[in-house]
$ cat start_20.cif   # mmCIF, C-alpha atoms and all ligand atoms
data_query
loop_
_atom_site.label_atom_id
_atom_site.label_comp_id
_atom_site.auth_asym_id
_atom_site.auth_seq_id
_atom_site.Cartn_x
_atom_site.Cartn_y
_atom_site.Cartn_z
CA MET A 22 4.46 -4.38 -35.11
CA THR A 23 4.54 -7.60 -33.10
CA GLY A 24 7.05 -9.69 -35.05
CA LYS A 25 10.44 -8.95 -36.50
CA ASN A 26 9.42 -10.01 -40.00
CA ALA A 27 8.65 -7.79 -42.95
CA THR A 28 5.08 -6.74 -43.65
CA GLU A 29 3.07 -9.69 -45.02
CA MET A 30 1.16 -9.02 -48.24
CA LEU A 31 -2.11 -10.96 -48.08
CA GLN A 32 -4.78 -11.42 -50.73
CA ALA A 33 -8.28 -10.68 -49.45
CA ASP A 34 -9.44 -14.28 -49.93
CA ARG A 35 -10.48 -16.79 -47.24
CA ALA A 36 -6.91 -17.77 -46.41
CA GLY A 37 -5.70 -14.17 -46.31
CA ILE A 38 -8.59 -13.03 -44.12
CA ALA A 39 -8.03 -15.99 -41.76
CA ARG A 40 -4.34 -15.13 -41.46
CA ALA A 41 -5.12 -11.43 -40.87
CA ALA A 42 -7.66 -12.38 -38.19
CA ARG A 43 -5.02 -14.41 -36.32
CA ILE A 44 -2.55 -11.50 -36.47
CA LEU A 45 -5.21 -9.14 -35.09
CA GLN A 46 -6.23 -11.56 -32.33
CA SER A 47 -2.63 -11.68 -31.13
CA GLY A 48 -2.38 -7.88 -31.00
CA GLY A 49 -0.87 -7.12 -34.41
CA LEU A 50 -1.56 -4.37 -36.95
CA VAL A 51 -3.19 -5.10 -40.33
CA ALA A 52 -4.08 -2.64 -43.11
CA VAL A 53 -7.56 -3.47 -44.42
CA PRO A 54 -9.64 -2.21 -47.35
CA THR A 55 -12.94 -0.46 -46.60
CA GLU A 56 -15.36 1.23 -48.99
CA THR A 57 -13.84 4.63 -48.05
CA VAL A 58 -10.04 4.27 -47.66
CA TYR A 59 -7.69 1.59 -46.30
CA GLY A 60 -7.71 1.42 -42.49
CA LEU A 61 -4.90 0.38 -40.14
CA ALA A 62 -6.68 -2.06 -37.84
CA ALA A 63 -5.94 -3.37 -34.36
CA ARG A 64 -8.19 -4.96 -31.76
CA ALA A 65 -9.84 -2.10 -29.90
CA ASP A 66 -9.70 -3.76 -26.46
CA ASP A 67 -5.90 -4.18 -26.40
CA ALA A 68 -3.96 -1.17 -25.09
CA SER A 69 -0.62 -2.19 -26.58
CA ALA A 70 -2.16 -2.98 -29.99
CA VAL A 71 -3.84 0.44 -30.00
CA ALA A 72 -0.58 2.08 -28.94
CA GLY A 73 0.99 0.33 -31.93
CA ILE A 74 -1.39 2.16 -34.29
CA TYR A 75 -0.30 5.55 -32.91
CA ALA A 76 3.37 4.55 -33.14
CA ALA A 77 3.19 3.21 -36.72
CA LYS A 78 1.40 6.35 -37.95
CA GLY A 79 3.32 8.85 -35.83
CA ARG A 80 -0.15 10.01 -34.76
CA PRO A 81 -0.49 12.50 -31.90
CA GLY A 82 -2.02 10.83 -28.85
CA PHE A 83 -4.83 13.41 -28.63
CA ASN A 84 -6.41 12.27 -31.91
CA PRO A 85 -8.95 9.49 -31.21
CA LEU A 86 -9.71 6.46 -33.42
CA ILE A 87 -12.85 5.10 -35.08
CA VAL A 88 -14.02 1.65 -33.91
CA HIS A 89 -15.43 -0.61 -36.64
CA VAL A 90 -18.22 -3.07 -35.87
CA ASP A 91 -20.02 -5.86 -37.70
CA THR A 92 -23.35 -5.64 -35.85
CA LEU A 93 -25.51 -3.06 -34.10
CA GLU A 94 -25.28 -5.19 -30.95
CA GLN A 95 -21.50 -4.74 -30.93
CA ALA A 96 -21.99 -0.98 -31.33
CA GLU A 97 -24.51 -0.82 -28.48
CA ALA A 98 -22.05 -2.56 -26.15
CA LEU A 99 -19.63 0.34 -26.70
CA ALA A 100 -21.85 3.45 -26.83
CA GLU A 101 -25.11 4.78 -25.39
CA PHE A 102 -27.70 4.74 -28.18
CA SER A 103 -30.76 6.94 -27.77
CA PRO A 104 -33.81 5.82 -29.79
CA GLN A 105 -32.89 8.58 -32.27
CA ALA A 106 -29.29 7.33 -32.54
CA ARG A 107 -30.56 3.78 -33.12
CA ARG A 108 -32.86 4.95 -35.92
CA ILE A 109 -30.01 6.87 -37.55
CA ALA A 110 -27.66 3.88 -37.26
CA GLN A 111 -30.26 1.63 -38.86
CA ALA A 112 -30.72 4.12 -41.69
CA VAL A 113 -27.06 4.80 -42.51
CA TRP A 114 -25.26 1.52 -41.67
CA PRO A 115 -23.55 -0.30 -43.17
CA GLY A 116 -21.89 2.55 -44.99
CA PRO A 117 -19.49 5.50 -45.00
CA VAL A 118 -20.86 7.24 -41.90
CA THR A 119 -19.16 7.40 -38.49
CA LEU A 120 -21.39 8.19 -35.50
CA VAL A 121 -19.95 9.99 -32.46
CA LEU A 122 -21.90 8.92 -29.37
CA PRO A 123 -21.46 8.90 -25.57
CA ARG A 124 -19.10 6.07 -24.63
CA ARG A 125 -20.74 3.41 -22.46
CA ASP A 126 -19.35 2.99 -18.94
CA GLY A 127 -17.22 -0.13 -18.77
CA ALA A 128 -17.06 -0.53 -22.55
CA PRO A 129 -14.27 -3.02 -23.38
CA LEU A 130 -12.09 -0.44 -25.13
CA ALA A 131 -8.45 0.49 -24.59
CA ALA A 132 -8.30 4.03 -23.18
CA GLY A 133 -6.19 5.17 -26.13
CA VAL A 134 -9.04 4.57 -28.57
CA SER A 135 -11.02 7.62 -27.48
CA ALA A 136 -7.96 9.63 -26.37
CA GLY A 137 -9.63 10.84 -23.19
CA LEU A 138 -12.92 11.99 -24.77
CA PRO A 139 -16.22 10.90 -23.14
CA THR A 140 -17.49 9.98 -26.61
CA ILE A 141 -16.66 7.17 -29.04
CA ALA A 142 -16.66 7.19 -32.84
CA LEU A 143 -18.28 4.06 -34.35
CA ARG A 144 -18.73 2.84 -37.90
CA MET A 145 -20.23 -0.26 -39.49
CA PRO A 146 -18.42 -0.40 -42.84
CA ALA A 147 -20.03 -1.82 -45.98
CA HIS A 148 -16.88 -3.49 -47.32
CA PRO A 149 -17.18 -7.31 -47.22
CA VAL A 150 -13.49 -7.83 -46.39
CA MET A 151 -13.52 -5.56 -43.34
CA ARG A 152 -16.78 -7.13 -42.17
CA ALA A 153 -15.45 -10.67 -42.63
CA LEU A 154 -12.34 -9.75 -40.68
CA ILE A 155 -14.34 -8.46 -37.70
CA ARG A 156 -16.43 -11.66 -37.73
CA GLU A 157 -13.46 -14.00 -38.20
CA SER A 158 -11.33 -12.33 -35.50
CA GLY A 159 -14.22 -11.87 -33.10
CA CYS A 160 -12.81 -8.40 -32.31
CA VAL A 161 -14.18 -4.93 -32.91
CA LEU A 162 -11.39 -3.07 -34.68
CA ALA A 163 -9.96 0.39 -34.10
CA ALA A 164 -8.79 1.69 -37.47
CA PRO A 165 -7.62 5.11 -38.59
CA SER A 166 -6.71 5.64 -42.23
CA ALA A 167 -3.58 3.60 -43.03
CA ASN A 168 -1.20 6.48 -43.74
CA PRO A 169 1.49 8.28 -41.75
CA SER A 170 -0.08 11.11 -39.73
CA ASN A 171 -0.84 14.18 -41.91
CA ALA A 172 -0.04 12.38 -45.19
CA VAL A 173 -2.45 11.52 -47.99
CA SER A 174 -4.86 8.65 -47.19
CA PRO A 175 -4.44 5.33 -49.06
CA THR A 176 -6.98 3.97 -51.52
CA THR A 177 -4.89 0.99 -52.68
CA ALA A 178 -2.71 -1.63 -50.98
CA ALA A 179 0.27 -0.19 -52.90
CA HIS A 180 -0.30 3.23 -51.28
CA VAL A 181 -0.17 1.55 -47.85
CA ALA A 182 2.94 -0.49 -48.70
CA ALA A 183 4.77 2.61 -49.95
CA SER A 184 4.30 4.51 -46.69
CA LEU A 185 3.82 1.96 -43.87
CA GLY A 186 5.60 -1.10 -45.32
CA GLY A 187 7.98 -2.54 -42.71
CA ARG A 188 6.11 -0.77 -39.88
CA ILE A 189 2.99 -2.95 -39.73
CA ASP A 190 2.40 -6.71 -39.65
CA ALA A 191 0.32 -7.21 -42.78
CA ILE A 192 -1.62 -5.60 -45.61
CA LEU A 193 -4.81 -7.23 -46.93
CA ASP A 194 -5.08 -6.37 -50.61
CA GLY A 195 -8.74 -5.97 -51.57
CA GLY A 196 -8.23 -3.72 -54.59
CA ALA A 197 -9.03 -0.01 -54.88
CA CYS A 198 -11.51 1.61 -52.48
CA GLU A 199 -14.81 2.55 -54.07
CA ALA A 200 -15.66 5.89 -52.42
CA GLY A 201 -12.08 7.13 -52.00
CA LEU A 202 -12.82 9.67 -49.22
CA GLU A 203 -13.01 9.01 -45.48
CA SER A 204 -16.41 8.55 -43.89
CA THR A 205 -18.77 11.39 -43.02
CA ILE A 206 -18.50 11.97 -39.25
CA LEU A 207 -21.77 12.81 -37.52
CA ALA A 208 -22.04 13.65 -33.81
CA ILE A 209 -25.40 12.94 -32.17
CA ARG A 210 -25.79 15.28 -29.19
CA HIS A 211 -27.63 14.76 -25.91
CA ASP A 212 -30.16 17.40 -27.02
CA ALA A 213 -30.78 15.31 -30.19
CA SER A 214 -29.08 17.83 -32.47
CA LEU A 215 -26.85 16.50 -35.24
CA GLU A 216 -23.48 17.94 -36.14
CA VAL A 217 -21.25 17.06 -39.09
CA LEU A 218 -17.62 16.99 -37.90
CA ARG A 219 -16.17 15.85 -41.24
CA PRO A 220 -17.88 15.91 -44.66
CA GLY A 221 -17.58 12.67 -46.60
CA PRO A 222 -19.18 10.45 -49.21
CA PHE A 223 -22.60 10.31 -47.52
CA ASP A 224 -25.38 12.51 -48.93
CA LEU A 225 -26.43 14.63 -45.93
CA ARG A 226 -29.86 15.29 -47.42
CA ARG A 227 -30.69 11.72 -46.37
CA LEU A 228 -30.43 12.84 -42.72
CA SER A 229 -33.03 15.60 -42.88
CA GLU A 230 -35.80 13.33 -41.56
CA PHE A 231 -33.82 12.99 -38.31
CA GLY A 232 -33.70 16.73 -37.58
CA PRO A 233 -31.63 19.76 -38.54
CA VAL A 234 -28.01 18.99 -39.36
CA GLY A 235 -25.39 21.55 -38.32
CA ALA A 236 -21.76 21.58 -39.27
CA ASN A 237 -18.74 22.06 -37.06
CA ILE A 238 -16.12 21.29 -39.65
CA ALA A 239 -13.90 24.31 -39.18
CA ALA A 240 -13.63 24.10 -35.40
CA GLY A 241 -11.24 21.19 -35.58
CA ILE A 242 -11.17 20.86 -31.81
CA GLU A 243 -13.51 18.01 -31.11
CA ALA A 244 -12.32 15.99 -34.11
CA PRO A 245 -8.64 16.81 -33.79
CA GLY A 246 -7.87 14.82 -36.92
CA GLN A 247 -9.52 17.67 -38.74
CA LEU A 248 -6.34 19.70 -38.50
CA ARG A 249 -6.12 22.51 -41.00
CA SER A 250 -2.99 21.08 -42.59
CA HIS A 251 -3.62 17.42 -43.36
CA TYR A 252 -3.57 15.08 -46.37
CA SER A 253 -0.26 16.65 -47.38
CA PRO A 254 1.37 15.22 -50.54
CA GLY A 255 4.67 16.72 -49.35
CA LYS A 256 4.81 19.70 -51.73
CA PRO A 257 2.82 22.89 -52.34
CA VAL A 258 -0.68 22.47 -53.78
CA ARG A 259 -2.39 25.29 -55.73
CA LEU A 260 -6.19 25.10 -55.98
CA ALA A 261 -8.71 26.23 -58.61
CA ALA A 262 -6.01 26.31 -61.31
CA GLY A 263 -7.15 26.89 -64.89
CA MET A 264 -3.87 25.61 -66.29
CA PRO A 265 -0.54 24.43 -64.88
CA GLU A 266 2.61 26.52 -64.60
CA ALA A 267 5.81 25.01 -65.98
CA ASP A 268 6.91 23.33 -62.75
CA GLU A 269 3.49 22.03 -61.71
CA PHE A 270 1.99 18.52 -61.83
CA MET A 271 -1.57 19.19 -62.99
CA ILE A 272 -4.61 17.34 -61.62
CA GLY A 273 -7.45 17.95 -64.05
CA PHE A 274 -11.23 17.79 -63.79
CA GLY A 275 -13.96 18.05 -66.44
CA GLY A 276 -12.87 20.19 -69.37
CA ILE A 277 -9.51 21.03 -67.74
CA ALA A 278 -7.00 18.31 -68.62
CA GLY A 279 -3.89 17.41 -66.62
CA ASP A 280 -1.10 14.91 -66.06
CA VAL A 281 -3.93 12.93 -64.49
CA THR A 282 -7.63 13.78 -64.24
CA LEU A 283 -10.08 13.26 -61.38
CA SER A 284 -12.86 12.79 -63.94
CA ALA A 285 -12.70 13.82 -67.57
CA GLY A 286 -16.50 13.73 -67.68
CA GLY A 287 -16.84 16.00 -64.63
CA ASP A 288 -18.39 13.26 -62.43
CA LEU A 289 -17.86 14.12 -58.74
CA THR A 290 -18.29 10.55 -57.46
CA GLU A 291 -15.56 9.41 -59.85
CA ALA A 292 -13.45 12.40 -58.79
CA ALA A 293 -13.73 11.45 -55.11
CA ALA A 294 -12.65 7.89 -55.88
CA ASN A 295 -9.59 9.18 -57.79
CA LEU A 296 -8.59 12.07 -55.52
CA TYR A 297 -6.01 10.42 -53.26
CA ALA A 298 -4.41 8.38 -56.07
CA ALA A 299 -3.97 11.68 -57.96
CA LEU A 300 -2.38 13.35 -54.92
CA HIS A 301 -0.11 10.32 -54.41
CA SER A 302 0.94 10.55 -58.10
CA GLY A 303 1.57 14.28 -57.80
CA GLY A 304 3.59 13.73 -54.62
CA ALA A 305 5.73 11.07 -56.33
CA SER A 306 6.20 13.10 -59.56
CA SER A 307 9.36 15.03 -60.42
CA GLN A 308 7.54 18.38 -60.44
CA PRO A 309 8.06 20.42 -57.23
CA ARG A 310 4.49 21.70 -57.10
CA ILE A 311 0.93 20.45 -57.73
CA ALA A 312 -2.00 22.34 -59.27
CA VAL A 313 -5.62 21.20 -59.15
CA ALA A 314 -8.49 22.28 -61.42
CA PRO A 315 -11.55 23.88 -59.78
CA ILE A 316 -14.03 21.40 -58.27
CA PRO A 317 -17.69 22.42 -57.86
CA GLU A 318 -18.84 22.67 -54.23
CA THR A 319 -22.00 20.61 -54.86
CA GLY A 320 -22.73 17.17 -53.35
CA VAL A 321 -19.55 15.19 -52.62
CA GLY A 322 -17.63 18.10 -54.19
CA ALA A 323 -17.83 19.79 -50.76
CA ALA A 324 -15.94 16.86 -49.19
CA ILE A 325 -13.39 16.83 -52.04
CA ASN A 326 -12.76 20.57 -51.55
CA ASP A 327 -12.47 20.07 -47.76
CA ARG A 328 -9.62 17.58 -48.35
CA LEU A 329 -8.00 19.76 -51.03
CA ARG A 330 -8.01 22.86 -48.78
CA ARG A 331 -6.25 20.87 -46.08
CA ALA A 332 -3.79 19.40 -48.59
CA SER A 333 -2.91 22.92 -49.75
CA ALA A 334 -2.68 24.54 -46.28
CA SER A 335 0.91 25.58 -45.63
CA ARG A 336 2.43 23.73 -42.73
O1 LIG B 401 -13.57 6.21 -43.59
C1 LIG B 401 -13.02 6.32 -42.49
O2 LIG B 401 -13.54 6.92 -41.54
C2 LIG B 401 -11.65 5.66 -42.34
C3 LIG B 401 -11.84 4.14 -42.48
C4 LIG B 401 -10.59 3.38 -42.23
O3 LIG B 401 -12.89 3.72 -41.65
N1 LIG B 401 -11.04 5.99 -41.09
C5 LIG B 401 -10.58 7.24 -40.82
O4 LIG B 401 -9.93 7.36 -39.60
O5 LIG B 401 -10.68 8.17 -41.61
P1 LIG B 401 -9.03 8.62 -39.21
O6 LIG B 401 -8.40 8.26 -37.93
O7 LIG B 401 -8.14 8.96 -40.31
O8 LIG B 401 -10.07 9.75 -38.94
C6 LIG B 401 -10.88 9.64 -37.80
C7 LIG B 401 -11.43 10.97 -37.43
C8 LIG B 401 -10.38 11.91 -36.87
O9 LIG B 401 -10.62 13.21 -37.42
C9 LIG B 401 -10.69 11.89 -35.37
O10 LIG B 401 -10.30 13.08 -34.74
C10 LIG B 401 -12.19 11.71 -35.39
O11 LIG B 401 -12.40 10.77 -36.41
N2 LIG B 401 -12.72 11.14 -34.15
C11 LIG B 401 -12.45 9.93 -33.62
N3 LIG B 401 -13.08 9.78 -32.44
C12 LIG B 401 -13.78 10.90 -32.22
C13 LIG B 401 -14.64 11.36 -31.18
N4 LIG B 401 -14.91 10.62 -30.09
N5 LIG B 401 -15.19 12.59 -31.29
C14 LIG B 401 -14.93 13.35 -32.37
N6 LIG B 401 -14.11 12.99 -33.40
C15 LIG B 401 -13.55 11.78 -33.31
MG MG B 402 -6.87 9.91 -41.54
#
$ encode --input "start_20.cif" --output "C-alpha cells" --more "lines below"
Ligand code: TXA
Ligand code: MG
Amino acid sequence: MTGKNATEMLQADRAGIARAARILQSGGLVAVPTETVYGLAARADDASAVAGIYAAKGRPGFNPLIVHVDTLEQAEALAEFSPQARRIAQAVWPGPVTLVLPRRDGAPLAAGVSAGLPTIALRMPAHPVMRALIRESGCVLAAPSANPSNAVSPTTAAHVAASLGGRIDAILDGGACEAGLESTILAIRHDASLEVLRPGPFDLRRLSEFGPVGANIAAGIEAPGQLRSHYSPGKPVRLAAGMPEADEFMIGFGGIAGDVTLSAGGDLTEAAANLYAALHSGGASSQPRIAVAPIPETGVGAAINDRLRRASASR
C-alpha cells in the first residue's frame, strides 16, 4: 500500500477506472474484477509494486504471478511466441486462459513477477473493466487472485474488502465475476506439446486442433500456487456429502439442498460461478464444519472438484 489512507472503494465507471489507473501508475495496488475472479493488480514493471502484492497477500515468494495484457503485441513483448503459441493465443484470447511461455530476454518485468522461472504466465482477460484499466494506465498488470494466500478466491468486491481491506490502495467494484473460477493454465512447451497446469472455465476440447493436451495438475511444482491445501475457508470441508451432519453448513447441488446451493437445477456453469461465494458463506457461518454435495466430474465440474479437493485438504 502506497498511502496511509484506508482502501478506496471505487465504482467501475469512467471516473473510478481513471482513478484506479493513476494509483497503478504510481505503484499502488488495486483489486479489479475479471471474468474469472477479482485480481490484485500492480504494474508488472515495478519491483516495489510487485513486492507489495506478495506482502498484501502473504504470498510465498516462490509463487509467480500472471501478467494481464490488452493486446497480443503487449504479450509478444514479454514472451517468445512460436507460430503455434500465436495461433493458440488468437483462438483463446480474450478469455479465461493463461498461457505459460518462455520469457523474452529483456522483457520489462520486475524479477518478482516470474519468481525466478524462465517462463512467464500471460492472460488477455475478457472483462471490459480490466481491459480498460490496462489501456488507461498504459501498464501491463501483474495480478494474482485478490485473496490472502491459501484463502478462498474473491468473486465480489465485498469478498475482497472483507479480507484485504486496509491492506491495499483501492477496490474497483464491477459486480460479481461471471465464471467464478480462476483461469485455465496452459503451458506451451518447446517441443510444441501442451500441458494443463490448472483446470479452469475453458473447455479443453477446443484445444484439440492444436495437438494433444496433457495434464500436470497434481505435480504442483511448476505452478506452485497449485498447492494441495489451498482455497481454505478456514474450517474442515467434507466432500460428496449426501446430507449434512448437525454441525455442518451444507452446500447443495442439484437434488441435494443445503444452506446455500451451487445450482438447484444441477447446472455446472452456474455452480462454478457460485462456488467461492458459497465457501465464503460457509466460512463465515456459525457452524464449525462445511459439507458439500457431490459434483459430477464432467466439463467444468472437473475444475470445481479440483478447487473443492484443495479446500478440503487438511493443512
Ligand atoms: O483467473 C485468473 O487466473 C486470476 C485472475 C485475477 O486473472 N488470477 C489468478 O492468479 O488466479 P493466482 O496468482 O491466484 O494464480 C496464478 C497461478 C499460480 O498457481 C502460479 O503458480 C501459476 O499461476 N503461475 C504463474 N506463473 C507461472 C509460470 N511461469 N509457470 C507456471 N505456473 C505459473
Ligand atoms: Mg489464487
$ atom_distance --input "start_20.cif" --atom1 "atom CA of A:Ala294" --atom2 "atom CA of A:Ala200"
5.0 Å
$ residues_around --input "start_20.cif" --residues "stretch 125-129 of chain A" --least-positions-apart "4" --cutoff "8 Å" --atoms "all atoms listed in the file" --output "list in words"
Ala65, Asp66, Ala98, Leu99, Ala100 and Glu101 of chain A
$ atom_distance --input "start_20.cif" --atom1 "atom CA of A:Arg219" --atom2 "atom CA of A:Arg188"
27.8 Å
$ residues_near_ligand --input "start_20.cif" --ligand "ligand MG 402 (chain B)" --cutoff "10 Å" --atoms "all atoms listed in the file" --output "PyMOL selection string"
chain A and resi 58-61+78+80+84+86+164-175+202-204+246-247+251-252
$ closest_residue --input "start_20.cif" --among "A:Gly275, A:Pro81, A:Gly133, A:Pro139" --to "ligand LIG 401 (chain B)" --atoms "all atoms listed in the file"
A:Pro139
$ closest_residue --input "start_20.cif" --among "A:Gly186, A:Pro222, A:Gly195, A:Pro149" --to "ligand LIG 401 (chain B)" --atoms "all atoms listed in the file"
A:Pro222
$ closest_residue --input "start_20.cif" --among "A:Cys160, A:Ala70, A:Ile109, A:Leu218" --to "ligand LIG 401 (chain B)" --atoms "all atoms listed in the file"
A:Leu218
$ closest_residue --input "start_20.cif" --among "A:Ala36, A:Val118, A:Val71, A:Ile316" --to "ligand LIG 401 (chain B)" --atoms "all atoms listed in the file"
A:Val118
$ closest_residue --input "start_20.cif" --among "A:Ala312, A:Val51, A:Val150, A:Ala136" --to "A:Ala68" --atoms "only C-alpha atoms"
A:Ala136
